[in-house]
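For reference, protein-v3.txt (compact mmCIF, C-alpha atoms):
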```
# COMPACT_ATOMS: atom_id res chain seq x y z
CA MET P 44 -142.19 -101.40 -17.58
CA GLY P 45 -142.94 -104.11 -15.10
CA ASN P 46 -143.04 -107.88 -15.07
CA HIS P 47 -145.97 -109.02 -17.28
CA LYS P 48 -146.23 -112.78 -16.80
CA GLN P 49 -149.73 -113.97 -17.68
CA ASP P 50 -151.20 -117.27 -16.50
CA MET P 51 -153.93 -118.24 -18.99
CA THR P 52 -154.91 -121.42 -17.15
CA VAL P 53 -157.25 -119.47 -14.84
CA GLY P 54 -160.02 -116.92 -15.29
CA ALA P 55 -162.36 -116.33 -18.24
CA PRO P 56 -160.72 -117.68 -21.44
CA TRP P 57 -161.85 -114.77 -23.65
CA LYS P 58 -160.34 -112.26 -21.24
CA GLY P 59 -156.95 -113.98 -21.06
CA ILE P 60 -156.90 -114.48 -24.83
CA CYS P 61 -157.86 -110.85 -25.45
CA LEU P 62 -155.30 -109.43 -23.00
CA PHE P 63 -152.55 -111.50 -24.60
CA ALA P 64 -153.67 -110.94 -28.21
CA LEU P 65 -154.00 -107.16 -28.09
CA PRO P 66 -150.27 -106.48 -27.59
CA VAL P 67 -149.45 -109.13 -30.20
CA PHE P 68 -151.88 -107.45 -32.60
CA ALA P 69 -150.38 -104.05 -31.87
CA GLY P 70 -146.89 -105.47 -32.40
CA LEU P 71 -147.87 -106.94 -35.77
CA PHE P 72 -149.40 -103.58 -36.66
CA LEU P 73 -146.19 -101.75 -35.82
CA GLN P 74 -144.09 -104.22 -37.80
CA GLN P 75 -146.32 -103.79 -40.80
CA LEU P 76 -146.49 -100.03 -40.32
CA TYR P 77 -142.76 -99.51 -40.71
CA ASN P 78 -142.72 -101.89 -43.70
CA THR P 79 -145.54 -99.88 -45.24
CA VAL P 80 -143.96 -96.50 -44.57
CA GLY P 81 -140.66 -97.80 -45.97
CA SER P 82 -142.43 -98.87 -49.18
CA ILE P 83 -144.23 -95.51 -49.44
CA ILE P 84 -140.92 -93.68 -49.13
CA VAL P 85 -139.20 -95.98 -51.65
CA GLY P 86 -142.09 -95.66 -54.12
CA ASN P 87 -142.19 -91.87 -53.94
CA TYR P 88 -138.44 -91.14 -53.78
CA ALA P 89 -136.79 -94.09 -55.57
CA GLY P 90 -139.49 -94.93 -58.14
CA GLU P 91 -141.77 -97.78 -59.15
CA GLN P 92 -138.90 -100.07 -60.18
CA ALA P 93 -137.29 -99.81 -56.72
CA LEU P 94 -140.68 -100.40 -55.09
CA ALA P 95 -141.25 -103.50 -57.22
CA ALA P 96 -137.75 -104.80 -56.36
CA VAL P 97 -138.19 -104.35 -52.60
CA GLY P 98 -141.60 -106.02 -52.71
CA THR P 99 -140.32 -108.94 -54.76
CA VAL P 100 -137.61 -109.65 -52.18
CA GLY P 101 -140.25 -109.93 -49.47
CA CYS P 102 -141.07 -113.60 -50.11
CA LEU P 103 -137.35 -114.46 -50.20
CA VAL P 104 -136.80 -112.71 -46.86
CA MET P 105 -139.79 -114.59 -45.48
CA LEU P 106 -138.26 -117.88 -46.60
CA PHE P 107 -135.28 -117.49 -44.25
CA LEU P 108 -137.11 -115.75 -41.43
CA ALA P 109 -139.51 -118.70 -41.42
CA VAL P 110 -136.76 -120.58 -39.61
CA ALA P 111 -136.34 -117.81 -37.03
CA ASN P 112 -140.09 -117.47 -36.50
CA GLY P 113 -140.87 -121.19 -36.48
CA PHE P 114 -138.25 -122.32 -34.00
CA SER P 115 -138.81 -119.26 -31.79
CA ALA P 116 -142.49 -120.16 -31.63
CA GLY P 117 -141.53 -123.75 -30.84
CA ALA P 118 -139.29 -122.55 -28.03
CA GLY P 119 -142.12 -120.39 -26.72
CA ILE P 120 -144.49 -123.36 -26.60
CA VAL P 121 -141.97 -125.53 -24.72
CA VAL P 122 -141.45 -122.66 -22.27
CA ALA P 123 -145.25 -122.19 -22.00
CA GLN P 124 -145.77 -125.86 -21.18
CA ALA P 125 -143.09 -125.72 -18.46
CA PHE P 126 -144.64 -122.50 -17.15
CA GLY P 127 -148.11 -124.09 -17.06
CA ALA P 128 -146.67 -127.10 -15.20
CA LYS P 129 -144.84 -124.75 -12.73
CA ASP P 130 -141.48 -126.35 -13.61
CA ARG P 131 -139.00 -123.46 -13.28
CA ASP P 132 -135.89 -125.54 -13.93
CA GLU P 133 -137.20 -126.92 -17.20
CA MET P 134 -138.35 -123.46 -18.23
CA ARG P 135 -134.85 -122.08 -17.63
CA GLY P 136 -133.22 -124.99 -19.47
CA ALA P 137 -135.56 -124.59 -22.44
CA ALA P 138 -134.70 -120.89 -22.74
CA SER P 139 -130.94 -121.45 -22.64
CA THR P 140 -131.06 -124.36 -25.07
CA SER P 141 -133.32 -122.47 -27.47
CA MET P 142 -131.08 -119.40 -27.62
CA ILE P 143 -128.01 -121.49 -28.43
CA LEU P 144 -129.96 -123.41 -31.06
CA GLN P 145 -131.23 -120.17 -32.61
CA GLY P 146 -127.67 -118.86 -32.94
CA VAL P 147 -126.64 -121.93 -34.94
CA LEU P 148 -129.68 -121.64 -37.18
CA MET P 149 -128.91 -117.98 -37.83
CA LEU P 150 -125.41 -118.80 -39.10
CA VAL P 151 -126.72 -121.51 -41.41
CA CYS P 152 -129.52 -119.33 -42.79
CA GLY P 153 -127.20 -116.36 -43.30
CA ALA P 154 -124.78 -118.45 -45.38
CA LEU P 155 -127.58 -119.99 -47.45
CA ALA P 156 -129.18 -116.59 -48.06
CA VAL P 157 -126.02 -115.17 -49.60
CA VAL P 158 -125.44 -118.25 -51.77
CA LEU P 159 -129.04 -118.61 -53.00
CA CYS P 160 -129.86 -114.93 -53.52
CA ARG P 161 -129.17 -114.55 -57.27
CA PRO P 162 -130.22 -118.09 -58.31
CA VAL P 163 -133.64 -117.61 -56.66
CA LEU P 164 -134.24 -114.04 -57.82
CA SER P 165 -133.11 -114.68 -61.39
CA GLY P 166 -133.59 -118.39 -62.05
CA ILE P 167 -136.79 -119.10 -60.09
CA MET P 168 -138.54 -115.72 -59.86
CA GLY P 169 -137.53 -114.62 -63.33
CA LEU P 170 -136.28 -111.11 -62.48
CA GLU P 171 -134.14 -109.33 -65.06
CA GLY P 172 -132.30 -106.09 -65.64
CA THR P 173 -132.60 -103.18 -63.23
CA ILE P 174 -135.22 -104.82 -61.01
CA LEU P 175 -132.96 -107.86 -60.53
CA SER P 176 -129.98 -105.65 -59.62
CA LEU P 177 -132.02 -103.59 -57.15
CA ALA P 178 -133.62 -106.67 -55.57
CA GLU P 179 -130.25 -108.43 -55.12
CA THR P 180 -128.67 -105.33 -53.56
CA TYR P 181 -131.56 -104.83 -51.15
CA PHE P 182 -131.58 -108.47 -50.04
CA LEU P 183 -127.83 -108.73 -49.42
CA VAL P 184 -127.83 -105.57 -47.30
CA TYR P 185 -130.92 -106.82 -45.48
CA CYS P 186 -129.10 -110.07 -44.61
CA LEU P 187 -126.68 -108.06 -42.45
CA GLY P 188 -129.51 -107.77 -39.94
CA PHE P 189 -130.09 -111.53 -39.60
CA PRO P 190 -128.33 -111.78 -36.19
CA PHE P 191 -130.73 -109.17 -34.79
CA GLN P 192 -133.79 -110.69 -36.49
CA PHE P 193 -133.07 -114.16 -35.12
CA GLY P 194 -132.03 -112.79 -31.72
CA TYR P 195 -135.16 -110.71 -31.29
CA ASN P 196 -137.44 -113.57 -32.34
CA ILE P 197 -136.08 -116.03 -29.81
CA VAL P 198 -136.30 -113.54 -26.94
CA ALA P 199 -139.85 -112.60 -27.98
CA GLY P 200 -140.80 -116.29 -28.19
CA ILE P 201 -139.51 -116.96 -24.66
CA LEU P 202 -141.33 -113.93 -23.25
CA ARG P 203 -144.59 -114.95 -24.92
CA GLY P 204 -144.16 -118.43 -23.49
CA ILE P 205 -144.55 -117.03 -19.97
CA GLY P 206 -147.46 -114.84 -21.07
CA ASP P 207 -145.54 -111.57 -21.46
CA SER P 208 -146.75 -110.27 -24.82
CA ARG P 209 -146.87 -106.64 -23.76
CA ALA P 210 -143.11 -106.22 -23.48
CA THR P 211 -142.58 -107.18 -27.14
CA LEU P 212 -144.93 -104.34 -28.07
CA TYR P 213 -142.62 -101.80 -26.42
CA PHE P 214 -139.64 -103.15 -28.35
CA LEU P 215 -141.53 -102.89 -31.64
CA ILE P 216 -142.49 -99.30 -30.88
CA ILE P 217 -138.79 -98.52 -30.59
CA ALA P 218 -138.02 -100.37 -33.84
CA SER P 219 -140.88 -98.69 -35.72
CA VAL P 220 -139.87 -95.16 -34.78
CA ILE P 221 -136.24 -95.81 -35.69
CA ASN P 222 -137.12 -97.56 -38.95
CA ILE P 223 -139.46 -94.82 -40.15
CA GLY P 224 -137.05 -92.07 -39.15
CA LEU P 225 -134.07 -93.71 -40.84
CA ASN P 226 -136.08 -94.46 -44.00
CA VAL P 227 -136.92 -90.79 -44.29
CA LEU P 228 -133.27 -89.85 -43.71
CA PHE P 229 -131.55 -92.54 -45.82
CA VAL P 230 -134.01 -92.72 -48.74
CA GLY P 231 -135.80 -89.38 -48.73
CA VAL P 232 -132.91 -87.08 -47.74
CA PHE P 233 -129.69 -88.93 -48.66
CA GLY P 234 -131.18 -90.65 -51.73
CA TRP P 235 -129.66 -94.05 -50.94
CA GLY P 236 -132.61 -95.93 -52.48
CA VAL P 237 -132.97 -99.63 -51.72
CA VAL P 238 -129.67 -99.69 -49.79
CA GLY P 239 -130.95 -97.01 -47.43
CA SER P 240 -134.25 -98.84 -46.92
CA ALA P 241 -132.48 -102.11 -46.07
CA LEU P 242 -130.04 -100.38 -43.69
CA ALA P 243 -132.93 -98.66 -41.92
CA THR P 244 -134.55 -102.04 -41.28
CA ASP P 245 -131.28 -103.58 -40.06
CA LEU P 246 -130.67 -100.80 -37.54
CA ALA P 247 -134.28 -100.90 -36.35
CA GLN P 248 -134.03 -104.65 -35.76
CA ALA P 249 -130.78 -104.16 -33.87
CA SER P 250 -132.48 -101.66 -31.54
CA SER P 251 -135.42 -103.98 -30.82
CA PHE P 252 -133.11 -106.92 -30.09
CA VAL P 253 -130.93 -104.91 -27.68
CA ALA P 254 -134.02 -103.59 -25.87
CA ALA P 255 -135.57 -107.08 -25.63
CA TRP P 256 -132.34 -108.66 -24.36
CA ILE P 257 -131.83 -106.03 -21.65
CA TYR P 258 -135.48 -106.27 -20.57
CA MET P 259 -135.48 -110.07 -20.31
CA ARG P 260 -132.30 -110.13 -18.23
CA ARG P 261 -133.46 -107.39 -15.87
CA MET P 262 -137.07 -108.46 -15.33
CA TYR P 263 -136.76 -112.26 -15.26
CA PRO P 264 -133.91 -113.67 -13.13
CA GLU P 265 -134.67 -117.19 -14.42
CA PHE P 266 -133.49 -116.09 -17.87
CA ARG P 267 -130.37 -114.32 -16.64
CA PHE P 268 -127.46 -116.59 -17.57
CA GLY P 269 -123.90 -116.04 -16.41
CA ARG P 270 -120.88 -117.19 -18.41
CA HIS P 271 -120.92 -120.68 -16.92
CA GLU P 272 -124.70 -121.02 -16.57
CA TRP P 273 -125.55 -121.56 -20.23
CA ARG P 274 -126.62 -125.11 -20.88
CA PHE P 275 -127.60 -127.07 -23.96
CA GLU P 276 -129.82 -130.03 -23.16
CA ARG P 277 -130.31 -132.48 -25.98
CA GLY P 278 -133.72 -133.59 -24.75
CA LEU P 279 -135.04 -130.04 -24.61
CA ALA P 280 -133.38 -129.18 -27.93
CA ARG P 281 -135.17 -132.15 -29.46
CA ARG P 282 -138.50 -130.96 -28.05
CA VAL P 283 -137.94 -127.43 -29.37
CA MET P 284 -136.98 -128.82 -32.79
CA LEU P 285 -139.94 -131.21 -32.93
CA THR P 286 -142.33 -128.46 -31.82
CA GLY P 287 -140.79 -125.75 -33.98
CA TYR P 288 -139.95 -127.52 -37.22
CA PRO P 289 -143.58 -127.97 -38.37
CA MET P 290 -144.18 -124.25 -37.81
CA ALA P 291 -140.96 -123.34 -39.61
CA LEU P 292 -141.83 -125.77 -42.38
CA GLN P 293 -145.31 -124.29 -42.64
CA GLN P 294 -143.89 -120.80 -43.15
CA ILE P 295 -141.22 -122.11 -45.55
CA ILE P 296 -143.95 -123.76 -47.62
CA VAL P 297 -145.92 -120.52 -47.66
CA SER P 298 -142.79 -118.62 -48.73
CA LEU P 299 -142.02 -121.09 -51.53
CA GLY P 300 -145.61 -120.87 -52.71
CA PHE P 301 -145.41 -117.08 -52.75
CA ILE P 302 -142.17 -117.26 -54.73
CA LEU P 303 -143.94 -119.33 -57.39
CA ILE P 304 -146.92 -116.97 -57.39
CA GLN P 305 -144.51 -114.02 -57.60
CA ARG P 306 -142.93 -115.58 -60.71
CA ALA P 307 -146.36 -115.58 -62.36
CA VAL P 308 -146.88 -111.95 -61.31
CA VAL P 309 -143.54 -110.97 -62.90
CA GLY P 310 -144.88 -112.24 -66.22
CA TYR P 311 -147.63 -109.61 -66.19
CA GLY P 312 -145.15 -106.72 -66.21
CA GLN P 313 -143.85 -103.94 -63.96
CA ALA P 314 -147.27 -102.39 -63.24
CA MET P 315 -148.67 -105.68 -61.92
CA LEU P 316 -145.48 -106.30 -59.94
CA ALA P 317 -145.66 -102.85 -58.31
CA SER P 318 -149.36 -103.37 -57.62
CA TYR P 319 -148.67 -106.75 -56.03
CA THR P 320 -146.05 -105.14 -53.77
CA VAL P 321 -148.50 -102.48 -52.58
CA THR P 322 -151.25 -105.05 -52.07
CA GLN P 323 -148.98 -107.27 -49.99
CA ARG P 324 -148.11 -104.32 -47.78
CA LEU P 325 -151.76 -103.36 -47.26
CA GLU P 326 -153.40 -106.79 -47.04
CA CYS P 327 -151.14 -107.69 -44.12
CA TYR P 328 -153.30 -105.39 -42.00
CA LEU P 329 -156.31 -107.51 -42.96
CA PHE P 330 -154.46 -110.68 -41.95
CA MET P 331 -153.37 -109.34 -38.55
CA PRO P 332 -156.35 -110.54 -36.45
CA ALA P 333 -155.91 -114.12 -37.68
CA SER P 334 -152.13 -114.00 -37.15
CA ALA P 335 -152.40 -112.43 -33.68
CA PHE P 336 -154.90 -115.02 -32.50
CA GLN P 337 -152.82 -117.86 -33.92
CA ILE P 338 -149.81 -116.72 -31.87
CA THR P 339 -152.05 -116.24 -28.84
CA MET P 340 -153.75 -119.63 -29.12
CA ALA P 341 -150.38 -121.41 -29.32
CA THR P 342 -149.37 -119.97 -25.92
CA TYR P 343 -152.89 -120.29 -24.47
CA THR P 344 -153.11 -123.94 -25.54
CA GLY P 345 -149.53 -124.69 -24.44
CA GLN P 346 -150.20 -123.40 -20.92
CA ASN P 347 -153.52 -125.26 -20.67
CA VAL P 348 -151.96 -128.48 -22.00
CA GLY P 349 -149.40 -128.17 -19.20
CA ALA P 350 -152.27 -127.65 -16.73
CA ARG P 351 -154.36 -130.46 -18.35
CA ARG P 352 -157.37 -128.19 -19.07
CA LEU P 353 -158.94 -129.42 -22.32
CA ASP P 354 -162.25 -127.78 -21.41
CA ARG P 355 -160.63 -124.34 -21.43
CA ILE P 356 -159.04 -124.99 -24.83
CA ARG P 357 -162.39 -125.84 -26.45
CA LEU P 358 -164.11 -122.82 -24.93
CA GLY P 359 -161.20 -120.58 -25.89
CA VAL P 360 -161.47 -121.65 -29.55
CA ARG P 361 -165.13 -120.64 -29.77
CA GLN P 362 -164.54 -117.28 -28.12
CA MET P 363 -161.40 -116.62 -30.17
CA ILE P 364 -163.16 -117.20 -33.52
CA ALA P 365 -165.87 -114.70 -32.58
CA MET P 366 -163.34 -112.04 -31.57
CA ALA P 367 -161.20 -112.53 -34.70
CA ALA P 368 -164.22 -112.25 -37.00
CA ALA P 369 -165.52 -109.10 -35.30
CA ILE P 370 -162.15 -107.31 -35.50
CA SER P 371 -161.65 -108.36 -39.13
CA LEU P 372 -165.06 -107.00 -40.14
CA VAL P 373 -164.14 -103.58 -38.77
CA ILE P 374 -160.72 -103.54 -40.47
CA ALA P 375 -162.12 -104.79 -43.80
CA GLY P 376 -164.84 -102.13 -43.76
CA ALA P 377 -162.27 -99.40 -43.12
CA PHE P 378 -160.07 -100.68 -45.96
CA LEU P 379 -162.91 -100.75 -48.47
CA TYR P 380 -163.83 -97.17 -47.55
CA PHE P 381 -160.31 -95.68 -47.59
CA GLU P 382 -158.84 -97.93 -50.30
CA PRO P 383 -158.18 -95.25 -52.99
CA VAL P 384 -156.42 -92.98 -50.51
CA LEU P 385 -154.25 -95.78 -49.11
CA ILE P 386 -153.12 -96.97 -52.55
CA GLY P 387 -152.44 -93.41 -53.67
CA TRP P 388 -149.79 -92.95 -50.98
CA PHE P 389 -147.40 -95.32 -52.78
CA GLY P 390 -146.96 -93.22 -55.92
CA ILE P 391 -147.67 -96.04 -58.40
CA SER P 392 -148.92 -95.70 -61.99
CA GLU P 393 -152.59 -95.58 -62.97
CA GLU P 394 -152.46 -99.13 -64.38
CA ALA P 395 -150.94 -100.50 -61.16
CA PHE P 396 -153.53 -98.53 -59.17
CA GLY P 397 -156.39 -100.33 -60.94
CA TYR P 398 -154.89 -103.77 -60.33
CA CYS P 399 -154.38 -102.92 -56.66
CA MET P 400 -157.99 -101.78 -56.17
CA ALA P 401 -159.41 -105.06 -57.48
CA HIS P 402 -156.92 -107.17 -55.52
CA LEU P 403 -157.63 -105.49 -52.18
CA GLN P 404 -161.39 -105.66 -52.64
CA THR P 405 -161.18 -109.43 -53.14
CA THR P 406 -158.90 -109.84 -50.11
CA ALA P 407 -161.19 -107.75 -47.88
CA LEU P 408 -164.15 -109.95 -48.80
CA ALA P 409 -162.20 -113.20 -48.34
CA ILE P 410 -160.59 -112.36 -45.00
CA LEU P 411 -163.39 -113.83 -42.85
CA SER P 412 -162.71 -117.25 -44.34
CA LEU P 413 -159.09 -116.99 -43.14
CA ASP P 414 -160.33 -116.14 -39.62
CA MET P 415 -162.35 -119.34 -39.63
CA TYR P 416 -159.31 -121.60 -39.72
CA PHE P 417 -155.93 -119.87 -39.39
CA PRO P 418 -156.13 -119.08 -35.63
CA VAL P 419 -156.96 -122.75 -34.93
CA PHE P 420 -153.44 -123.56 -36.16
CA GLY P 421 -152.25 -122.15 -32.83
CA VAL P 422 -154.31 -124.75 -30.96
CA TYR P 423 -152.64 -127.61 -32.83
CA GLN P 424 -149.21 -126.05 -32.32
CA GLY P 425 -149.75 -125.65 -28.59
CA ALA P 426 -151.04 -129.23 -28.34
CA ARG P 427 -147.94 -130.62 -30.12
CA HIS P 428 -149.84 -131.41 -33.33
CA ALA P 429 -148.07 -128.72 -35.33
CA LEU P 430 -147.68 -130.95 -38.39
CA VAL P 431 -151.40 -130.50 -39.11
CA PRO P 432 -151.11 -126.75 -39.86
CA THR P 433 -148.07 -127.54 -41.99
CA LEU P 434 -149.94 -130.07 -44.10
CA THR P 435 -152.92 -127.73 -44.31
CA ALA P 436 -150.71 -124.85 -45.43
CA LEU P 437 -149.08 -127.12 -48.01
CA THR P 438 -152.47 -128.12 -49.41
CA VAL P 439 -153.68 -124.51 -49.53
CA LEU P 440 -150.50 -123.37 -51.28
CA ILE P 441 -150.65 -126.19 -53.83
CA ILE P 442 -154.23 -125.23 -54.66
CA ARG P 443 -153.30 -121.55 -54.93
CA VAL P 444 -150.25 -122.13 -57.12
CA LEU P 445 -152.08 -124.58 -59.39
CA SER P 446 -154.93 -122.13 -59.81
CA VAL P 447 -152.52 -119.30 -60.69
CA TYR P 448 -150.86 -121.33 -63.44
CA THR P 449 -153.99 -123.03 -64.84
CA LEU P 450 -157.00 -120.74 -64.41
CA CYS P 451 -155.11 -117.81 -65.93
CA ASP P 452 -155.99 -119.30 -69.33
CA VAL P 453 -159.73 -119.07 -68.64
CA PRO P 454 -160.86 -115.94 -70.56
CA ALA P 455 -163.22 -114.73 -67.82
CA ILE P 456 -160.44 -114.93 -65.23
CA GLY P 457 -157.07 -114.19 -66.89
CA TYR P 458 -154.74 -111.98 -64.85
CA ARG P 459 -157.37 -111.72 -62.10
CA ILE P 460 -156.23 -115.10 -60.82
CA VAL P 461 -153.36 -113.18 -59.16
CA TRP P 462 -155.87 -112.32 -56.41
CA LEU P 463 -158.69 -114.82 -56.97
CA ASN P 464 -156.38 -117.67 -55.90
CA GLN P 465 -156.77 -116.50 -52.27
CA PRO P 466 -160.44 -117.39 -51.63
CA ILE P 467 -160.00 -120.64 -53.58
CA GLY P 468 -157.15 -121.72 -51.28
CA PHE P 469 -158.84 -120.46 -48.09
CA ALA P 470 -161.89 -122.67 -48.75
CA PHE P 471 -159.71 -125.79 -48.63
CA GLY P 472 -158.01 -124.52 -45.45
CA ILE P 473 -161.34 -124.23 -43.65
CA ALA P 474 -162.41 -127.75 -44.61
CA ILE P 475 -159.17 -129.47 -43.54
CA THR P 476 -158.75 -127.53 -40.27
CA TRP P 477 -162.25 -128.13 -38.93
CA LEU P 478 -162.42 -131.76 -40.00
CA TYR P 479 -159.29 -132.38 -37.94
CA TYR P 480 -160.60 -130.29 -35.04
CA PHE P 481 -163.74 -132.43 -34.69
CA PHE P 482 -162.42 -135.83 -35.75
CA GLY P 483 -158.63 -135.71 -35.27
CA PRO P 484 -156.70 -137.19 -32.33
CA TRP P 485 -155.24 -133.91 -31.00
CA GLN P 486 -157.55 -133.89 -27.92
CA ARG P 487 -157.02 -137.52 -26.97
CA GLY P 488 -153.86 -137.25 -24.86
CA ILE P 489 -155.19 -134.32 -22.85
CA ALA P 490 -158.57 -135.97 -22.30
CA GLN P 491 -156.94 -139.16 -21.02
CA ALA P 492 -154.81 -137.17 -18.58
CA ASP P 493 -157.97 -135.43 -17.31
CA ALA P 494 -159.78 -138.73 -16.76
```

Is it possible to express this structure as structure tokens?
Amino acid sequence: MGNHKQDMTVGAPWKGICLFALPVFAGLFLQQLYNTVGSIIVGNYAGEQALAAVGTVGCLVMLFLAVANGFSAGAGIVVAQAFGAKDRDEMRGAASTSMILQGVLMLVCGALAVVLCRPVLSGIMGLEGTILSLAETYFLVYCLGFPFQFGYNIVAGILRGIGDSRATLYFLIIASVINIGLNVLFVGVFGWGVVGSALATDLAQASSFVAAWIYMRRMYPEFRFGRHEWRFERGLARRVMLTGYPMALQQIIVSLGFILIQRAVVGYGQAMLASYTVTQRLECYLFMPASAFQITMATYTGQNVGARRLDRIRLGVRQMIAMAAAISLVIAGAFLYFEPVLIGWFGISEEAFGYCMAHLQTTALAILSLDMYFPVFGVYQGARHALVPTLTALTVLIIRVLSVYTLCDVPAIGYRIVWLNQPIGFAFGIAITWLYYFFGPWQRGIAQADA
């Protein structure tokens, strides 16, 4: 496993984007694979109630990990800009500062997660009885892995900042194998239910963090800090916070929106809740091209901003959209063909099966609209205009939540709004994103520097 720095300020844009995005895509696939396998095992060995509980907790988990993901991505962009500008000292300072900052954020999020668990699950999401008890137990055990989740994310963000996306793939392979194996052992063999599933995830995250930490220290001397070499620079911390908080806020907004949508889903009963859990597990595969290219474009843009290459950013956007759409078409076609088999693996009831079929068909048809705007978020993030994706995500979520709670009363729509809210929200996302791309000021600073 060698040094995999990638300079995306030279060469054909599509090639650099593709080489960076493929490991990111594979990493997202592996992350989703062990989540999917875990849900399949829980559904078949612990029952539909346990499956519904684990799925319901997903949006609450996402709420806190939004902080880890957002500020790690912000750190990666600051590192990418220093890398593009060939400023090794700033790159080293940004890494050290970001890791210290991430540790503080982890402690705050861990404390808040424990305090807010029951009020959110019961008071906001409306869970009751056995499902509430199972969901609370799963989440609290899951929180034990927060140090590893936050630790892995910051190391992965730093590595991506210097163009090394392949290494993170190796770490996720390790985590996936361990997670799947431990899920089989803890849930399938020992019968530990939701506790076993959460422990399996915690231990898998611990393994990926340890592997990532060892790799970064061994392969990149600039990120190897001795006891007295750690430094916290307020200026760099401020840059990381200003770059990362819009991305964290964007994901927090999405999580809060999903919590409100989840509350509406709970009202339709256990079958719909189990169906929604299965759909969320499967539709993530459809979202992977857009997510992978968003992560890629943030680093690609960050490096080219540092190198003052606006022309490469514009060309990269056009080529990236084409690649994302082509990959999504293939994945959507495969899902539509194998849909009954995939849903059947989760062991859900016939009623839940029917809901899931309709939901996934709508998502597969709507996914191209997501590809048309979501990856462009990475461009704005890399160009230090990350508040635009946040405001766009907020608008999309408001539209989706409003549609869930209002259009459900339309007789021709009813419960189908649980999945029809997606294409409605995506249409607004496309309009806002591309209006800003053509008419917004994000290009101005780079263009002036090029003049």

Work out where the centre of an axis-aligned box around every listed atom of region 344-357 of chain P lies and how long its edges are once 5 Å is added on each side; give both in Å to one decimal as JSON.
```
{"center_x": -155.9, "center_y": -126.9, "center_z": -21.6, "size_x": 23.0, "size_y": 17.1, "size_z": 19.7}
```

Contacts between region 195-202 of chain P and region 294-372 of chain P, please, where a residue of region 294-372 of chain P counts if it comes within 12 Å (with all atoms listed in the file); show its shortest atom pair and distance in Å to one decimal, rows by chain and ascending number, as a tab-separated table.
```
residue	atom	partner	partner_atom	distance
P:Ile338	CA	P:Gly200	CA	9.7
P:Thr339	CA	P:Gly200	CA	11.3
P:Ala341	CA	P:Gly200	CA	10.9
P:Thr342	CA	P:Gly200	CA	9.6
```

Could you give me, as a tab-separated table, every region 156-248 of chain P residue with an atom at most 12 Å from region 254-277 of chain P, plus its closest atom pair and distance in Å to one decimal, counting only C-alpha atoms, rows ordered by chain then number?
```
residue	atom	partner	partner_atom	distance
P:Phe191	CA	P:Trp256	CA	10.6
P:Gln192	CA	P:Ala255	CA	11.6
P:Gly194	CA	P:Trp256	CA	8.4
P:Tyr195	CA	P:Ala255	CA	6.7
P:Asn196	CA	P:Ala255	CA	9.5
P:Ile197	CA	P:Ala255	CA	9.9
P:Val198	CA	P:Ala255	CA	6.6
P:Ala199	CA	P:Ala255	CA	7.4
P:Gly200	CA	P:Ala255	CA	10.9
P:Ile201	CA	P:Met259	CA	9.1
P:Leu202	CA	P:Met259	CA	7.6
P:Arg203	CA	P:Met259	CA	11.3
P:Ile205	CA	P:Tyr263	CA	10.3
P:Asp207	CA	P:Met259	CA	10.2
P:Ser208	CA	P:Ala255	CA	11.7
P:Arg209	CA	P:Ala255	CA	11.5
P:Ala210	CA	P:Ala255	CA	7.9
P:Thr211	CA	P:Ala255	CA	7.2
P:Leu212	CA	P:Ala255	CA	10.1
P:Tyr213	CA	P:Ala254	CA	8.8
P:Phe214	CA	P:Ala254	CA	6.2
P:Leu215	CA	P:Ala255	CA	9.4
P:Ile216	CA	P:Ala254	CA	10.7
P:Ile217	CA	P:Ala254	CA	8.4
P:Ala218	CA	P:Ala254	CA	9.5
P:Ala247	CA	P:Ala254	CA	10.8
P:Gln248	CA	P:Ala254	CA	9.9
```

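When all atoms listed in the file are used to compute distances to Tyr311 (chain P), the closest of the residues P:Gly457, P:Gly206, P:Gly113, P:Pro484 turns out to be P:Gly457.
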
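If you measure from each of P:Gln92, P:Asn464, P:Thr320, P:Ser139 to Leu450 (chain P) using all atoms listed in the file, the closest one turns out to be P:Asn464.
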
query = Between CA of Phe330 (chain P) and CA of Ala407 (chain P), what is the spacing in Å?
reply = 9.4 Å

Excluding region 415-423 of chain P and its own-chain neighbours fewer than 6 positions away, which residues fall within 7 Å of it when counting all atoms listed in the file? Please give them as a PDB file with C-alpha atoms, in the frame of the given file.
```
ATOM      1  CA  ALA P 333    -155.910-114.120 -37.680  1.00  0.00           C
ATOM      2  CA  SER P 334    -152.130-114.000 -37.150  1.00  0.00           C
ATOM      3  CA  PHE P 336    -154.900-115.020 -32.500  1.00  0.00           C
ATOM      4  CA  GLN P 337    -152.820-117.860 -33.920  1.00  0.00           C
ATOM      5  CA  ILE P 338    -149.810-116.720 -31.870  1.00  0.00           C
ATOM      6  CA  MET P 340    -153.750-119.630 -29.120  1.00  0.00           C
ATOM      7  CA  ALA P 341    -150.380-121.410 -29.320  1.00  0.00           C
ATOM      8  CA  THR P 344    -153.110-123.940 -25.540  1.00  0.00           C
ATOM      9  CA  ILE P 364    -163.160-117.200 -33.520  1.00  0.00           C
ATOM     10  CA  ALA P 429    -148.070-128.720 -35.330  1.00  0.00           C
ATOM     11  CA  PRO P 432    -151.110-126.750 -39.860  1.00  0.00           C
ATOM     12  CA  GLY P 472    -158.010-124.520 -45.450  1.00  0.00           C
ATOM     13  CA  ILE P 473    -161.340-124.230 -43.650  1.00  0.00           C
ATOM     14  CA  THR P 476    -158.750-127.530 -40.270  1.00  0.00           C
TER      15      THR P 476
END
```

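You can rank P:Lys58, P:Arg161, P:Arg487, P:Arg131 by their closest distance to Arg351 (chain P) using all atoms listed in the file, and at the top of that list sits P:Arg487.
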